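Coordinates from run.pdb are shown below (PDB, C-alpha atoms).
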```pdb
ATOM      1  CA  GLY A   1      48.402  12.637-116.439  1.00  0.00           C
ATOM      2  CA  ASP A   2      51.898  13.289-115.222  1.00  0.00           C
ATOM      3  CA  TYR A   3      54.063  10.696-113.481  1.00  0.00           C
ATOM      4  CA  HIS A   4      56.697  12.376-111.333  1.00  0.00           C
ATOM      5  CA  ILE A   5      60.216  11.000-111.139  1.00  0.00           C
ATOM      6  CA  ILE A   6      61.728  13.766-109.021  1.00  0.00           C
ATOM      7  CA  GLY A   7      60.998  17.418-108.342  1.00  0.00           C
ATOM      8  CA  GLN A   8      61.954  20.369-106.194  1.00  0.00           C
ATOM      9  CA  CYS A   9      59.946  23.552-105.954  1.00  0.00           C
ATOM     10  CA  GLN A  10      60.696  26.838-104.197  1.00  0.00           C
ATOM     11  CA  ASN A  11      57.445  28.394-105.425  1.00  0.00           C
ATOM     12  CA  GLU A  12      55.330  28.089-108.551  1.00  0.00           C
ATOM     13  CA  THR A  13      57.179  30.732-110.530  1.00  0.00           C
ATOM     14  CA  THR A  14      58.898  30.126-113.871  1.00  0.00           C
ATOM     15  CA  ASN A  15      62.406  28.672-113.441  1.00  0.00           C
ATOM     16  CA  ARG A  16      62.035  28.225-109.644  1.00  0.00           C
ATOM     17  CA  CYS A  17      60.767  24.617-109.789  1.00  0.00           C
ATOM     18  CA  VAL A  18      62.437  21.657-111.433  1.00  0.00           C
ATOM     19  CA  HIS A  19      60.346  18.633-112.416  1.00  0.00           C
ATOM     20  CA  LEU A  20      61.548  15.472-114.136  1.00  0.00           C
ATOM     21  CA  ILE A  21      58.395  13.651-115.199  1.00  0.00           C
ATOM     22  CA  VAL A  22      56.692  11.338-117.673  1.00  0.00           C
ATOM     23  CA  ARG A  23      53.925  13.071-119.609  1.00  0.00           C
ATOM     24  CA  GLY A  24      52.045  11.401-122.448  1.00  0.00           C
ATOM     25  CA  ASN A  25      54.507   8.453-122.417  1.00  0.00           C
ATOM     26  CA  LYS A  26      57.469  10.789-122.981  1.00  0.00           C
ATOM     27  CA  LEU A  27      60.106  12.136-120.614  1.00  0.00           C
ATOM     28  CA  ARG A  28      59.848  15.829-119.720  1.00  0.00           C
ATOM     29  CA  PHE A  29      62.368  18.183-118.056  1.00  0.00           C
ATOM     30  CA  THR A  30      60.756  21.403-116.909  1.00  0.00           C
ATOM     31  CA  LEU A  31      61.770  24.415-114.866  1.00  0.00           C
ATOM     32  CA  PHE A  32      58.076  25.287-114.281  1.00  0.00           C
ATOM     33  CA  GLY A  33      56.923  27.001-117.435  1.00  0.00           C
ATOM     34  CA  ASN A  34      60.216  26.431-119.255  1.00  0.00           C
ATOM     35  CA  GLY A  35      60.459  22.814-120.387  1.00  0.00           C
ATOM     36  CA  VAL A  36      61.414  20.307-123.047  1.00  0.00           C
ATOM     37  CA  THR A  37      59.720  17.002-123.884  1.00  0.00           C
ATOM     38  CA  GLY A  38      61.533  13.938-125.172  1.00  0.00           C
ATOM     39  CA  ILE A  39      60.893  12.410-128.580  1.00  0.00           C
ATOM     40  CA  LYS A  40      61.010   8.650-127.902  1.00  0.00           C
ATOM     41  CA  PRO A  41      57.903   7.116-126.316  1.00  0.00           C
ATOM     42  CA  ILE A  42      58.229   4.917-123.240  1.00  0.00           C
ATOM     43  CA  GLN A  43      55.899   2.059-122.345  1.00  0.00           C
ATOM     44  CA  PRO A  44      54.132   1.581-119.004  1.00  0.00           C
ATOM     45  CA  LEU A  45      55.510  -1.138-116.708  1.00  0.00           C
ATOM     46  CA  ALA A  46      58.818  -1.332-118.614  1.00  0.00           C
ATOM     47  CA  TRP A  47      62.235  -0.581-117.084  1.00  0.00           C
ATOM     48  CA  TYR A  48      64.376   2.206-118.536  1.00  0.00           C
ATOM     49  CA  HIS A  49      67.575   3.976-117.619  1.00  0.00           C
ATOM     50  CA  VAL A  50      66.898   7.721-117.746  1.00  0.00           C
ATOM     51  CA  ALA A  51      69.199  10.658-117.122  1.00  0.00           C
ATOM     52  CA  PHE A  52      68.583  14.380-117.139  1.00  0.00           C
ATOM     53  CA  THR A  53      71.472  16.876-117.308  1.00  0.00           C
ATOM     54  CA  PHE A  54      71.610  20.639-117.073  1.00  0.00           C
ATOM     55  CA  ASP A  55      74.614  22.932-117.500  1.00  0.00           C
ATOM     56  CA  CYS A  56      73.885  26.433-116.204  1.00  0.00           C
ATOM     57  CA  ALA A  57      76.850  28.062-117.981  1.00  0.00           C
ATOM     58  CA  SER A  58      75.557  27.039-121.421  1.00  0.00           C
ATOM     59  CA  ARG A  59      71.905  26.584-120.264  1.00  0.00           C
ATOM     60  CA  ARG A  60      71.993  23.251-122.163  1.00  0.00           C
ATOM     61  CA  ARG A  61      69.373  20.777-120.956  1.00  0.00           C
ATOM     62  CA  SER A  62      69.448  17.118-122.072  1.00  0.00           C
ATOM     63  CA  ILE A  63      67.308  14.019-121.655  1.00  0.00           C
ATOM     64  CA  TYR A  64      68.871  10.568-122.124  1.00  0.00           C
ATOM     65  CA  LEU A  65      66.915   7.338-122.512  1.00  0.00           C
ATOM     66  CA  ASP A  66      68.755   4.021-122.179  1.00  0.00           C
ATOM     67  CA  GLY A  67      72.104   5.747-122.660  1.00  0.00           C
ATOM     68  CA  GLN A  68      71.119   7.562-125.862  1.00  0.00           C
ATOM     69  CA  LEU A  69      70.411  11.271-126.209  1.00  0.00           C
ATOM     70  CA  ASP A  70      66.654  11.675-126.625  1.00  0.00           C
ATOM     71  CA  ILE A  71      66.499  15.462-126.880  1.00  0.00           C
ATOM     72  CA  GLN A  72      68.570  18.517-126.048  1.00  0.00           C
ATOM     73  CA  ASP A  73      67.733  22.209-125.964  1.00  0.00           C
ATOM     74  CA  VAL A  74      68.889  25.510-124.525  1.00  0.00           C
ATOM     75  CA  SER A  75      66.854  26.844-121.622  1.00  0.00           C
ATOM     76  CA  SER A  76      65.911  30.519-121.524  1.00  0.00           C
ATOM     77  CA  THR A  77      67.707  30.848-118.160  1.00  0.00           C
ATOM     78  CA  CYS A  78      69.321  28.838-115.376  1.00  0.00           C
ATOM     79  CA  TYR A  79      67.373  27.107-112.643  1.00  0.00           C
ATOM     80  CA  LEU A  80      66.651  29.835-110.079  1.00  0.00           C
ATOM     81  CA  GLY A  81      65.241  27.792-107.179  1.00  0.00           C
ATOM     82  CA  GLU A  82      67.166  27.977-103.912  1.00  0.00           C
ATOM     83  CA  SER A  83      64.974  26.056-101.470  1.00  0.00           C
ATOM     84  CA  GLY A  84      61.961  23.796-101.187  1.00  0.00           C
ATOM     85  CA  ASN A  85      61.202  20.152-100.541  1.00  0.00           C
ATOM     86  CA  LEU A  86      62.715  17.467-102.745  1.00  0.00           C
ATOM     87  CA  ASN A  87      60.033  14.999-103.853  1.00  0.00           C
ATOM     88  CA  ILE A  88      60.841  11.593-105.303  1.00  0.00           C
ATOM     89  CA  GLY A  89      58.075   9.719-107.112  1.00  0.00           C
TER
END
```
Would you kindly transcribe this structure into structure tokens?
Amino acid sequence: GDYHIIGQCQNETTNRCVHLIVRGNKLRFTLFGNGVTGIKPIQPLAWYHVAFTFDCASRRRSIYLDGQLDIQDVSSTCYLGESGNLNIG
């Protein structure tokens, strides 16, 4: 299953929700239907420093694990959500 770190969703339409999650023991950064999954596996019950960055001008999306770049890609578009509840955990 998915383990949510943080998310915000205007509605369930591509690029209108942002979810930062753990899926299959890997970090995932998705804009609902437009996502990237990290390469390095993480272990349950272990502490990690994770960071997710997104630059709309270049559409570059990055996932960092313990200060090291895990994966980077270019999103098909910017995040388009403008409202919705912010959920942590």
* To one decimal in Å, tell me the separation between CA of Ser75 in chain A and CA of Asp2 in chain A. =>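 Value for the CA of Ser75 in chain A-CA of Asp2 in chain A distance: 21.2 Å.
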* Quick one: apply the PyMOL selection byres ((chain A and resi 70) around 10) to the file and drop the selected residues here as a PyMOL selection string. => chain A and resi 26-27+37-41+50-51+62-69+71-72
* Identify which of the residues A:Asn34, A:Ile42, A:Trp47, A:Leu86 lies closest to Val74 in chain A, counting only C-alpha atoms when measuring atom-to-atom distances. =>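 Going through A:Asn34, A:Ile42, A:Trp47, A:Leu86 one by one, the smallest distance to Val74 in chain A is for A:Asn34.
Using the PyMOL selection byres ((chain A and resi 8-13) around 7) on the file at hand returns these residues: Gly7, Thr14, Asn15, Arg16, Cys17, Val18, His19, Phe32, Gly81, Glu82, Ser83, Gly84, Asn85, Leu86 and Asn87 of chain A.
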* **Separation of CA of Val36 in chain A from CA of Phe52 in chain A in Å** =>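 Computing the Euclidean distance for CA of Phe52 in chain A and CA of Val36 in chain A yields 11.0 Å.
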* To do: Scan for residues within 6 Å of the point (69.4, 24.5, -119.1) in the coordinates of the file, using all atoms listed in the file, and reply as a list in words.
  => Phe54, Asp55, Cys56, Arg59, Arg60, Arg61, Val74, Ser75 and Cys78 of chain A
Produce a file of the selected residues containing C-alpha atoms, as an mmCIF file, in the coordinates of the input.
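The resulting file, out_25.cif, is reproduced below:
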```cif
data_model
loop_
_atom_site.group_PDB
_atom_site.id
_atom_site.type_symbol
_atom_site.label_atom_id
_atom_site.label_comp_id
_atom_site.auth_asym_id
_atom_site.auth_seq_id
_atom_site.Cartn_x
_atom_site.Cartn_y
_atom_site.Cartn_z
ATOM 1 C CA PHE A 54 71.610 20.639 -117.073
ATOM 2 C CA ASP A 55 74.614 22.932 -117.500
ATOM 3 C CA CYS A 56 73.885 26.433 -116.204
ATOM 4 C CA ARG A 59 71.905 26.584 -120.264
ATOM 5 C CA ARG A 60 71.993 23.251 -122.163
ATOM 6 C CA ARG A 61 69.373 20.777 -120.956
ATOM 7 C CA VAL A 74 68.889 25.510 -124.525
ATOM 8 C CA SER A 75 66.854 26.844 -121.622
ATOM 9 C CA CYS A 78 69.321 28.838 -115.376
#
```
